[in-house]
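This report refers to the structure that appears directly beneath it.
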Amino acid sequence: QAHPQPGLCPDYQSLDPKNGVANCELGMQLAEKHLGIQRVFDAADLNNSHIDERSVMTYLSLFTSKTDDNLLEWVRGKLPDFELTGFGKDWNSGMALAALVDALQPGLFPQCRKLSPKNAKANIAKALKLAKDKLGVDDVLTAEEIADPKLDDLLMATYIQGF
């Protein structure tokens, strides 16, 4: 389980942005050695501007604990009417996502409490659009992915961290 360790790269500000591959290599070495985060691609891939965003998200999600208690507690604080146990199936109906959007900007999604779980994809699609357009949260997951009972909790947690 990765825990933040400030100071692993105290001279990060002196790194040359022109040495992207070397910088990525250093970061990946530090992550592997000190945080136990395995590589899922090499430094050149990470530095490539054409890398698949989903691959980067998957790698970065390894930096957060699967049971990121702080994030879950933050969400629970915003959504006291929901019994959220994690970042998987609890989000499938779109109701929690819609309520989170409205909680962060009251009145943005006023009908969120009247949504039906039977309209999961529509609920999620509207919440994703509002989150992107009004809150600046990139919609890195689709409505279909969030509605899927096999929703990857790490990817969903990574998305929620964008709020």
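So you can find residues: chains in the structure tokens are A, B, ... in the order shown, residues in each start at 1, and ligands are numbered from 1 in order.
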
- prompt: If you count only C-alpha atoms, which residues fall within 12 Å of Leu71 in chain A, apart from same-chain ones fewer than 4 positions away, as an NGL selection string?
  reply: :A and (64-67 or 75-78 or 84-87 or 154 or 156-163)

Contact residues around Ser14 in chain A with only C-alpha atoms at 12 Å, ignoring same-chain residues under 5 positions, as a PyMOL selection string: chain A and resi 9+19+23

Contacts between range 123-127 of chain A and range 29-105 of chain A, please, where a residue of range 29-105 of chain A counts if it comes within 8 Å (with only C-alpha atoms); show its shortest atom pair and distance in Å to one decimal, rows by chain and ascending number, as a tab-separated table.
```
residue	atom	partner	partner_atom	distance
A:Ser93	CA	A:Asn123	CA	7.2
A:Gly94	CA	A:Ile124	CA	4.5
A:Met95	CA	A:Asn123	CA	6.8
A:Leu97	CA	A:Ala127	CA	6.3
A:Ala98	CA	A:Ala127	CA	5.0
A:Val101	CA	A:Ala127	CA	6.6
```

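Distances from A:Ala147, A:Leu15, A:Leu30, A:Ile51 to Lys121 in chain A were compared using only C-alpha atoms, and the smallest one belongs to A:Ala147.
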
message: At a cut-off of 9 Å, using only C-alpha atoms, what residues contact Ala96 in chain A? Leave out same-chain residues fewer than 5 positions from it and give the result as a ChimeraX atom specification.
response: /A:79,82,84,90-91,101,112

Keeping only all heavy atoms, take the residues you just selected and write them out as a CSV table (one decimal), in the first residue's frame.
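Dumped to part26.csv:
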```
chain,number,residue,atom,x,y,z
A,79,LEU,N,-22.2,13.6,0.9
A,79,LEU,CA,-23.4,12.8,0.6
A,79,LEU,C,-23.9,12.0,1.8
A,79,LEU,O,-23.9,10.8,1.8
A,79,LEU,CB,-23.1,11.8,-0.5
A,79,LEU,CG,-22.6,12.4,-1.8
A,79,LEU,CD1,-22.3,11.4,-2.9
A,79,LEU,CD2,-23.5,13.5,-2.4
A,82,PHE,N,-26.4,9.0,1.6
A,82,PHE,CA,-26.0,7.8,0.9
A,82,PHE,C,-25.1,6.9,1.8
A,82,PHE,O,-24.3,7.4,2.5
A,82,PHE,CB,-25.2,8.1,-0.4
A,82,PHE,CG,-26.0,8.7,-1.5
A,82,PHE,CD1,-26.4,10.0,-1.5
A,82,PHE,CD2,-26.4,7.9,-2.6
A,82,PHE,CE1,-27.2,10.6,-2.5
A,82,PHE,CE2,-27.2,8.4,-3.6
A,82,PHE,CZ,-27.6,9.8,-3.5
A,84,LEU,N,-22.4,4.8,1.3
A,84,LEU,CA,-21.3,4.5,0.3
A,84,LEU,C,-20.3,3.6,1.0
A,84,LEU,O,-19.8,3.9,2.1
A,84,LEU,CB,-20.7,5.7,-0.2
A,84,LEU,CG,-21.6,6.7,-1.0
A,84,LEU,CD1,-20.9,8.0,-1.3
A,84,LEU,CD2,-22.1,6.0,-2.3
A,90,ASP,N,-21.6,1.1,-5.7
A,90,ASP,CA,-22.4,2.2,-5.2
A,90,ASP,C,-22.7,3.3,-6.2
A,90,ASP,O,-23.5,4.2,-6.0
A,90,ASP,CB,-21.7,2.8,-3.9
A,90,ASP,CG,-21.7,1.8,-2.8
A,90,ASP,OD1,-22.4,0.8,-2.8
A,90,ASP,OD2,-20.8,2.0,-1.9
A,91,TRP,N,-21.9,3.4,-7.2
A,91,TRP,CA,-21.9,4.5,-8.2
A,91,TRP,C,-22.7,4.1,-9.5
A,91,TRP,O,-22.9,4.9,-10.3
A,91,TRP,CB,-20.5,4.9,-8.5
A,91,TRP,CG,-19.8,5.4,-7.3
A,91,TRP,CD1,-19.1,4.7,-6.4
A,91,TRP,CD2,-19.8,6.8,-6.9
A,91,TRP,NE1,-18.7,5.5,-5.4
A,91,TRP,CE2,-19.1,6.8,-5.7
A,91,TRP,CE3,-20.4,8.0,-7.3
A,91,TRP,CZ2,-18.9,8.0,-4.9
A,91,TRP,CZ3,-20.1,9.1,-6.6
A,91,TRP,CH2,-19.4,9.1,-5.4
A,101,VAL,N,-22.4,16.0,-7.7
A,101,VAL,CA,-22.3,17.2,-8.5
A,101,VAL,C,-23.1,18.3,-7.9
A,101,VAL,O,-22.7,19.5,-7.8
A,101,VAL,CB,-22.8,16.9,-10.0
A,101,VAL,CG1,-23.0,18.1,-10.8
A,101,VAL,CG2,-21.8,16.0,-10.7
A,112,CYS,N,-31.6,15.8,-8.8
A,112,CYS,CA,-30.8,14.6,-8.5
A,112,CYS,C,-31.5,13.7,-7.5
A,112,CYS,O,-31.3,12.5,-7.6
A,112,CYS,CB,-29.4,15.0,-8.0
A,112,CYS,SG,-29.3,15.8,-6.4
```

message: Between CA of Glu144 in chain A and CA of Leu46 in chain A, what distance in Å does the model show, to one decimal?
response: 26.9 Å

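Going from CA of Ala43 in chain A to CA of Cys24 in chain A covers 5.2 Å.
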
task: Extract, using only C-alpha atoms, all DNA, RNA and protein residues at most 12 Å from Gly20 in chain A, discarding same-chain residues fewer than 6 positions from it, and format them as a VMD selection string.
output: chain A and resid 26 to 27 43 to 49

Once you have the residues from the selection above, write them out as a PDB file, in the first residue's frame, restricted to C-alpha atoms.
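Saved as selection23.pdb:
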```pdb
ATOM      1  CA  LEU A  26      13.527   8.686 -12.034  1.00  0.00           C
ATOM      2  CA  GLY A  27       9.934   9.042 -10.877  1.00  0.00           C
ATOM      3  CA  ALA A  43       9.470   5.685 -19.005  1.00  0.00           C
ATOM      4  CA  ALA A  44       9.535   6.359 -22.762  1.00  0.00           C
ATOM      5  CA  ASP A  45       5.882   5.287 -22.998  1.00  0.00           C
ATOM      6  CA  LEU A  46       4.910   7.540 -20.096  1.00  0.00           C
ATOM      7  CA  ASN A  47       6.702  10.463 -21.748  1.00  0.00           C
ATOM      8  CA  ASN A  48       5.001   9.847 -25.108  1.00  0.00           C
ATOM      9  CA  SER A  49       2.320  12.455 -25.848  1.00  0.00           C
TER      10      SER A  49
END
```

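Our summary of the geometry notes that CA of Asp133 in chain A is positioned 23.9 Å from CA of Leu60 in chain A.
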